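> The structure under discussion is supplied below as structure tokens; questions concerning it will follow.
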Amino acid sequence: MKLTKEKLQDMYLRMRKIREFETKAMGLFAEGKIPGFVHLYLGEESAATGVCFCLRDDDFITSTHRGHGHIIAKGGDLKFMMAELFGKETGYCKGKGGSMHIADRTKGILGANGIVGAGHSIAAGAGLSISCRKTDQVCVCFFGDGSTNQGTFHESMNLASIWKLPVVFVCENNNYGISMSQARHQAIKDIADRAASYGVPGIAVDGNDVLAVYEAASEAIARARKGLGPTLIECKTYRQRGHFEGDAGAYKPPEEQKEWLEKDPIPRFVKFLTENGFSAKELEAIDASVGQEIAAAIKFAEDSPYPAVEKTVEDIYSDIIEEVRTR
Amino acid sequence: MSSIGIIANPASGKDIRRLVSYATVIDNNEKVNIVKRIILAAQAFGVEKAYFMPDTFCIGYTVQEDLSREGVLTAGIEVLDMQLSASAADSTAATVMMESLGAGCILALGGDGTNRAVAAGIKKTPLIAVSTGTNNVYPAMLEGTVAGMAAAAVAGMEDPYAPCIHDKRIELAINGKDTDSALIDAALTEDLYAGTKAVWDISRIRCLVVSRCHPASIGFSAIAGCIDIVRDTDDWGLCLNFPEGESLPAGGKKILAPVAAGILTELTVSDCRRLNLEEEFVIKAGKPGMIALDGEREVQVREGDTLSFRLRRSGPWRVDVRKALEMAQKNGMYNR
């Protein structure tokens, strides 16, 4: 599979943006500037990047409580994201949703989601919509290992398989559902095995290798565009931080943490790039531009106002009757 | 004491070929079942101890726990105490440990890739290769019970090499430095990265070396097998070159070959020639690429690198299972 230098550069840029955004969010949360909860995507950057790199703006994604990486990789605006994390009026949800509800319909981002397993059925619905409208769009459903024990996973896989919906299910198996290791919540190691029960191709890939993820995702997405139905891709990866900021992750064995830090996707990709024609200077220039963009996003968030008290319940409840009438 | 070693690769049978071809899925619970049958058969014919490679699915511990609970385990089970890397290096390291512990036979459950990793560590212990992977040429589709019986037979033989074939291996050197090896095939591809490792775009292959080939196999070796047949006992292999583009060069050949499970691809071969044992096939890489060993992209190649492929009989002593069981019958192993 051919990748031009420009494409490799773009891949690195997206991974680096996620890393820097999350690193800054970690510090800002510790400083008390971000209210609520943040679930960081540090260590999993290659999964979102490898998959979203194969998508168009009019393709959809559904995300999770750990959604920053997916949104950045799909082209979300860092300023609006950061403002939302800060709870500011200029944020994606006007400061009322926070980290776990970011959505951007212009980019096909159907939303992060605080409910574990809620994205599966939204993805199946998006897939059904594509199928009814007869376009060649695709919906990618991101989720973690813990959610594959939820009914929504099985129901959505079943519907997607019988209706041959253009949905690519991407399981980011980071080995933990909150503090519960996969070995304690499942009698299988490879979640990809579950695909066979729905007559769907299921494959496991090294989720910390952006090129491996990209290769697998591009095949699965091409298959979905052709109307051949869903695929389950299991990206084996690792959450470098706790479940949320503030969780010290004491349940993670230190040797396991060490092993996975050695498999960090960013240094691995940097090694590949420097061995394949990229100079350290070129990569440093990308790092610097990302640093500036994130600094600008933080400034935008800091300078933005909080939503006014009188707007507290605005945009919270939908007038369904009015919406249906005008649709 | 008669002992065997078991290396069951939990990662085999799950790669991208399930998406880009029609490859079989073998889940890890089925591998556990196969291993149970191996143990039950092996202990019935005198094996007292089985060493297991530890793995992320805990196949050894699961087999021990289940068979103990059912009250049918008589052999001792020992899961080796080794640091796991969750990579092919585990298979190599476990093989070395099993040899040093004196295992009379090693059983490898996986595909060509798993056996390549075992071959990197094995020196003299007879090997039974049980297929649980994809596009396999090296391991055979074997019933676990039969594999266990054969392992017991070999582990108890005075001359354990009698039912074995000393396999060939393709040894790769880059710029004069020994780099890696393959059991069945080595291919130079124009891919620039390992990615998902498997190779399915045959148009990117520039040359191929096979230690054996037959049209009844699947994968790279089958490409050569559609032109000529080379058996494991033959003291030669084949080298093939592939042109860039579609046109048929003088002396070239167009063939339709089973390059993956359910995937028949038409391709052009520029030339195909025999490579004798100890003979070296040398090429200079015109552009960067990867070398796929036994079907998996493993070694990076830079423009201008000198690549040398040498065929040697330096592979494992692989058990001919039917022959081992026939010898066991003559030796009265089944008599009670």
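Order determines the names: the first chain of the structure tokens is A, the second B, and so forth; residues in each chain are numbered 1 upward, and ligands are numbered 1 upward as they are shown.
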What parts of stretch 29-107 of chain B does DSSP call alpha helix (DSSP H)? I'd like the answer as JSON, numbers by chain.

{"B": [29, 30, 31, 32, 33, 34, 35, 36, 37, 38, 39, 40, 41, 42, 43, 44, 59, 60, 61, 62, 63, 64, 65, 66, 67, 68, 69, 88, 89, 90, 91, 92, 93, 94, 95, 96, 97, 98, 99, 100]}

> Could you list, with a cut-off of 9 Å and counting only C-alpha atoms, the residues of chain A near chain B, each shown with its nearest atom pair and the distance in Å rounded to one decimal, rows sorted by chain and ascending number, as CSV?


residue,atom,partner,partner_atom,distance
A:Met1,CA,B:Asp191,CA,6.5
A:Lys2,CA,B:Asp191,CA,7.2
A:Leu3,CA,B:Leu192,CA,8.7
A:Ala183,CA,B:Phe57,CA,8.5
A:Ala187,CA,B:Phe57,CA,8.8
A:Ile188,CA,B:Phe57,CA,7.3
A:Lys189,CA,B:Phe57,CA,5.8
A:Asp190,CA,B:Asn28,CA,8.0
A:Ala192,CA,B:Lys14,CA,7.6
A:Asp193,CA,B:Asp27,CA,6.0
A:Ala196,CA,B:Val25,CA,7.7
A:Pro201,CA,B:Leu19,CA,5.6
A:Gly202,CA,B:Arg18,CA,6.8
A:Ile203,CA,B:Lys14,CA,5.3
A:Ala204,CA,B:Lys14,CA,5.9
A:Val205,CA,B:Thr196,CA,6.7
A:Asp206,CA,B:Thr196,CA,7.7
A:Asp209,CA,B:Gly195,CA,7.2
A:Val210,CA,B:Gly195,CA,7.9
A:Leu211,CA,B:Gly195,CA,4.9
A:Ala212,CA,B:Gly195,CA,3.7
A:Val213,CA,B:Gly195,CA,7.5
A:Tyr214,CA,B:Gly195,CA,8.0
A:Glu215,CA,B:Gly195,CA,6.5
A:Ala216,CA,B:Ile16,CA,6.5
A:Glu219,CA,B:Val20,CA,7.1
A:Ala220,CA,B:Leu19,CA,7.1
A:Arg223,CA,B:Leu19,CA,8.7
A:Thr231,CA,B:Leu19,CA,7.9
A:Glu259,CA,B:Ser85,CA,8.2
A:Phe272,CA,B:Tyr193,CA,8.3
A:Asn276,CA,B:Leu192,CA,8.5

> Please, could you write that set of residues out with N, CA and C atoms as a CSV table (one decimal), in the first residue's frame?


chain,number,residue,atom,x,y,z
A,1,MET,N,0.8,-1.2,0.0
A,1,MET,CA,0.0,0.0,0.0
A,1,MET,C,0.9,1.2,0.0
A,2,LYS,N,0.7,2.1,-1.0
A,2,LYS,CA,1.6,3.3,-1.2
A,2,LYS,C,1.1,4.4,-0.3
A,3,LEU,N,2.1,5.1,0.3
A,3,LEU,CA,1.8,6.3,1.1
A,3,LEU,C,2.9,7.3,0.7
A,183,ALA,N,-8.7,-9.7,31.0
A,183,ALA,CA,-8.6,-11.1,31.5
A,183,ALA,C,-9.7,-11.4,32.5
A,187,ALA,N,-13.6,-14.2,28.7
A,187,ALA,CA,-12.9,-15.5,28.6
A,187,ALA,C,-12.2,-15.6,27.3
A,188,ILE,N,-12.1,-14.6,26.5
A,188,ILE,CA,-11.4,-14.6,25.3
A,188,ILE,C,-10.3,-13.5,25.3
A,189,LYS,N,-9.3,-13.6,24.5
A,189,LYS,CA,-8.3,-12.6,24.4
A,189,LYS,C,-8.5,-11.7,23.2
A,190,ASP,N,-8.9,-12.3,22.1
A,190,ASP,CA,-9.1,-11.5,20.9
A,190,ASP,C,-10.6,-11.2,20.6
A,192,ALA,N,-11.7,-9.8,18.3
A,192,ALA,CA,-11.9,-10.0,16.8
A,192,ALA,C,-12.6,-11.3,16.6
A,193,ASP,N,-12.4,-12.3,17.5
A,193,ASP,CA,-13.1,-13.6,17.4
A,193,ASP,C,-14.6,-13.5,17.4
A,196,ALA,N,-16.9,-13.6,14.1
A,196,ALA,CA,-17.3,-14.9,13.4
A,196,ALA,C,-18.8,-15.2,13.7
A,201,PRO,N,-16.2,-10.4,8.9
A,201,PRO,CA,-14.7,-10.5,9.0
A,201,PRO,C,-14.2,-9.9,10.3
A,202,GLY,N,-13.4,-10.5,11.1
A,202,GLY,CA,-12.8,-9.9,12.3
A,202,GLY,C,-11.3,-10.1,12.3
A,203,ILE,N,-10.6,-9.0,12.5
A,203,ILE,CA,-9.1,-9.1,12.5
A,203,ILE,C,-8.6,-8.4,13.6
A,204,ALA,N,-7.4,-8.8,14.1
A,204,ALA,CA,-6.7,-8.2,15.2
A,204,ALA,C,-5.5,-7.5,14.6
A,205,VAL,N,-5.2,-6.3,15.0
A,205,VAL,CA,-4.0,-5.6,14.5
A,205,VAL,C,-3.2,-4.9,15.6
A,206,ASP,N,-2.0,-4.7,15.4
A,206,ASP,CA,-1.2,-3.9,16.4
A,206,ASP,C,-1.7,-2.5,16.4
A,209,ASP,N,0.7,0.5,16.0
A,209,ASP,CA,1.4,0.7,14.7
A,209,ASP,C,0.5,1.4,13.8
A,210,VAL,N,0.6,2.7,13.6
A,210,VAL,CA,-0.3,3.5,12.8
A,210,VAL,C,-0.4,2.9,11.3
A,211,LEU,N,0.6,2.4,10.8
A,211,LEU,CA,0.6,1.9,9.4
A,211,LEU,C,-0.2,0.6,9.4
A,212,ALA,N,-0.1,-0.3,10.4
A,212,ALA,CA,-0.9,-1.5,10.4
A,212,ALA,C,-2.3,-1.2,10.5
A,213,VAL,N,-2.7,-0.2,11.4
A,213,VAL,CA,-4.1,0.2,11.6
A,213,VAL,C,-4.6,0.8,10.2
A,214,TYR,N,-3.8,1.6,9.6
A,214,TYR,CA,-4.2,2.2,8.4
A,214,TYR,C,-4.5,1.2,7.3
A,215,GLU,N,-3.6,0.2,7.2
A,215,GLU,CA,-3.8,-0.8,6.2
A,215,GLU,C,-5.1,-1.6,6.4
A,216,ALA,N,-5.3,-2.0,7.7
A,216,ALA,CA,-6.5,-2.8,8.0
A,216,ALA,C,-7.7,-1.9,7.7
A,219,GLU,N,-8.7,-1.3,4.0
A,219,GLU,CA,-9.4,-2.5,3.4
A,219,GLU,C,-10.8,-2.6,3.9
A,220,ALA,N,-11.0,-2.4,5.2
A,220,ALA,CA,-12.4,-2.6,5.8
A,220,ALA,C,-13.3,-1.5,5.2
A,223,ARG,N,-14.2,-2.0,1.7
A,223,ARG,CA,-15.2,-3.1,1.6
A,223,ARG,C,-16.6,-2.6,2.0
A,231,THR,N,-17.2,-4.8,9.2
A,231,THR,CA,-16.0,-5.5,9.6
A,231,THR,C,-15.7,-5.1,11.1
A,259,GLU,N,6.2,-2.1,29.8
A,259,GLU,CA,6.2,-2.8,28.5
A,259,GLU,C,5.5,-1.9,27.4
A,272,PHE,N,10.2,5.2,12.2
A,272,PHE,CA,9.9,4.8,10.8
A,272,PHE,C,10.2,6.0,9.9
A,276,ASN,N,13.0,6.7,6.8
A,276,ASN,CA,12.4,6.7,5.5
A,276,ASN,C,12.3,8.1,4.9

> What's the 9 Å shell around A:Lys33, counting only C-alpha atoms, without same-chain residues fewer than 3 positions away, as a list in words?

Gly27, Leu28, Phe29, Ala30, Leu85, Phe86 and Glu302 of chain A

> Calculated over only C-alpha atoms, which of the candidates B:Gln329, B:Gly252, B:Leu101, B:Gln43 has the smallest distance to B:Ala151?

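Among B:Gln329, B:Gly252, B:Leu101, B:Gln43, it is B:Gln43 that comes nearest to B:Ala151.
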
> List the spatial neighbours of B:Thr114 as a ChimeraX atom specification - criterion: any atom at most 10 Å away, only C-alpha atoms, same-chain residues fewer than 2 positions off excluded.

/B:7-9,11-12,87-92,108-112,116-119,129,131-133,138-139,294

> Write a file of the just-selected residues containing C-alpha atoms, as a short mmCIF file (atom, residue, chain, number, x, y, z; two decimals), in the first residue's frame.


data_model
loop_
_atom_site.label_atom_id
_atom_site.label_comp_id
_atom_site.auth_asym_id
_atom_site.auth_seq_id
_atom_site.Cartn_x
_atom_site.Cartn_y
_atom_site.Cartn_z
CA ILE B 7 4.13 -23.90 21.61
CA ALA B 8 0.64 -22.65 20.82
CA ASN B 9 0.58 -19.22 19.23
CA ALA B 11 -2.04 -14.72 17.67
CA SER B 12 -2.15 -17.09 14.71
CA SER B 87 5.68 -11.42 19.89
CA ALA B 88 7.29 -14.14 17.76
CA ALA B 89 10.33 -13.91 20.05
CA ASP B 90 8.34 -15.84 22.68
CA SER B 91 8.12 -18.88 20.40
CA THR B 92 11.85 -18.78 19.76
CA ALA B 108 4.06 -25.95 17.33
CA LEU B 109 0.49 -24.77 16.80
CA GLY B 110 0.36 -21.86 14.41
CA GLY B 111 1.13 -21.01 10.84
CA ASP B 112 4.25 -20.70 8.72
CA ARG B 116 9.65 -19.83 11.36
CA ALA B 117 10.02 -18.43 14.89
CA VAL B 118 10.37 -21.95 16.32
CA ALA B 119 12.93 -22.81 13.65
CA ALA B 129 3.89 -28.55 13.08
CA SER B 131 -1.67 -25.75 11.41
CA THR B 132 -3.79 -23.12 13.13
CA GLY B 133 -2.73 -20.24 10.89
CA TYR B 138 4.85 -25.82 6.56
CA PRO B 139 2.41 -27.04 9.23
CA ASP B 294 7.04 -17.05 4.99
#

> May I have the residues within 10 Å of A:Asn158 as a short mmCIF file (atom, residue, chain, number, x, y, z; two decimals) with C-alpha atoms, in the first residue's frame, using only C-alpha atoms and disregarding those fewer than 3 positions away in the same chain?


data_model
loop_
_atom_site.label_atom_id
_atom_site.label_comp_id
_atom_site.auth_asym_id
_atom_site.auth_seq_id
_atom_site.Cartn_x
_atom_site.Cartn_y
_atom_site.Cartn_z
CA ALA A 124 -25.77 1.12 13.13
CA THR A 152 -25.63 -2.84 22.15
CA PHE A 153 -22.41 -4.27 20.71
CA HIS A 154 -24.07 -7.57 19.85
CA GLU A 155 -27.33 -6.04 18.67
CA SER A 161 -24.40 -7.91 9.41
CA ILE A 162 -27.90 -8.89 8.31
CA TRP A 163 -28.49 -5.56 6.57
CA LYS A 164 -24.91 -5.36 5.25
CA ALA A 195 -17.05 -11.25 14.59
CA SER A 197 -20.60 -15.31 15.28
CA TYR A 198 -22.15 -12.60 13.11
CA GLY A 199 -20.64 -13.78 9.84
CA VAL A 200 -18.46 -10.67 9.74
CA PRO A 230 -19.37 -4.45 8.27
#

> If DSSP is run on the backbone, what residues of stretch 74-280 of chain A are strand (DSSP E)? A reply as a PyMOL selection string would be ideal.

chain A and resi 139-144+167-173+176-177+180-181+202-206+231-236

> When you look at stretch 230-242 of chain B with a cut-off of 6 Å (counting only C-alpha atoms), what residues show up, excluding the ones that are within fewer than 6 positions of it in the same chain? I need them as a PyMOL selection string.

chain B and resi 206-213+269-277

> Excluding stretch 131-145 of chain A and its own-chain neighbours fewer than 2 positions away, which residues fall within 6 Å of it when counting only C-alpha atoms? Please give them as a ChimeraX atom specification.

/A:59-63,123,128-129,147-148,166-173,225

> Write out, as a PDB file, in the first residue's frame, the residues just selected, with C-alpha atoms.


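Final file, selection13.pdb:
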ATOM      1  CA  ASP A  59     -18.100   9.847   6.518  1.00  0.00           C
ATOM      2  CA  PHE A  60     -19.288   9.410  10.087  1.00  0.00           C
ATOM      3  CA  ILE A  61     -17.680   8.359  13.327  1.00  0.00           C
ATOM      4  CA  THR A  62     -19.166   7.552  16.696  1.00  0.00           C
ATOM      5  CA  SER A  63     -16.938   7.961  19.669  1.00  0.00           C
ATOM      6  CA  ALA A 123     -23.313   3.780  14.289  1.00  0.00           C
ATOM      7  CA  LEU A 128     -28.864   2.334   7.979  1.00  0.00           C
ATOM      8  CA  SER A 129     -29.252   5.961   6.959  1.00  0.00           C
ATOM      9  CA  SER A 147     -18.255  -2.242  25.816  1.00  0.00           C
ATOM     10  CA  THR A 148     -18.105  -5.498  23.861  1.00  0.00           C
ATOM     11  CA  PRO A 166     -21.440   0.189   5.855  1.00  0.00           C
ATOM     12  CA  VAL A 167     -20.188   0.231   9.434  1.00  0.00           C
ATOM     13  CA  VAL A 168     -16.633  -0.505  10.499  1.00  0.00           C
ATOM     14  CA  PHE A 169     -16.497  -1.485  14.162  1.00  0.00           C
ATOM     15  CA  VAL A 170     -13.140  -0.476  15.620  1.00  0.00           C
ATOM     16  CA  CYS A 171     -12.467  -1.897  19.056  1.00  0.00           C
ATOM     17  CA  GLU A 172      -9.634  -0.143  20.836  1.00  0.00           C
ATOM     18  CA  ASN A 173      -8.683  -2.933  23.192  1.00  0.00           C
ATOM     19  CA  ARG A 225     -18.122   1.449   0.577  1.00  0.00           C
TER      20      ARG A 225
END

> Using only C-alpha atoms, which of B:Met98, B:Ala147, B:Leu307, B:Val299 sits nearest B:Gly5?

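Smallest separation from B:Gly5 among the options: B:Met98.
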
> Go through A:Thr23, A:Ser289, A:Asn175, A:Asn149 and flag the residue nearest A:Gln257, using only C-alpha atoms for the distances.

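For A:Gln257, the nearest of the given residues is A:Asn175.
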
> Can you work out the spacing between atom CA of A:Cys52 and atom CA of A:Lys281 in Å, to one decimal?

26.3 Å
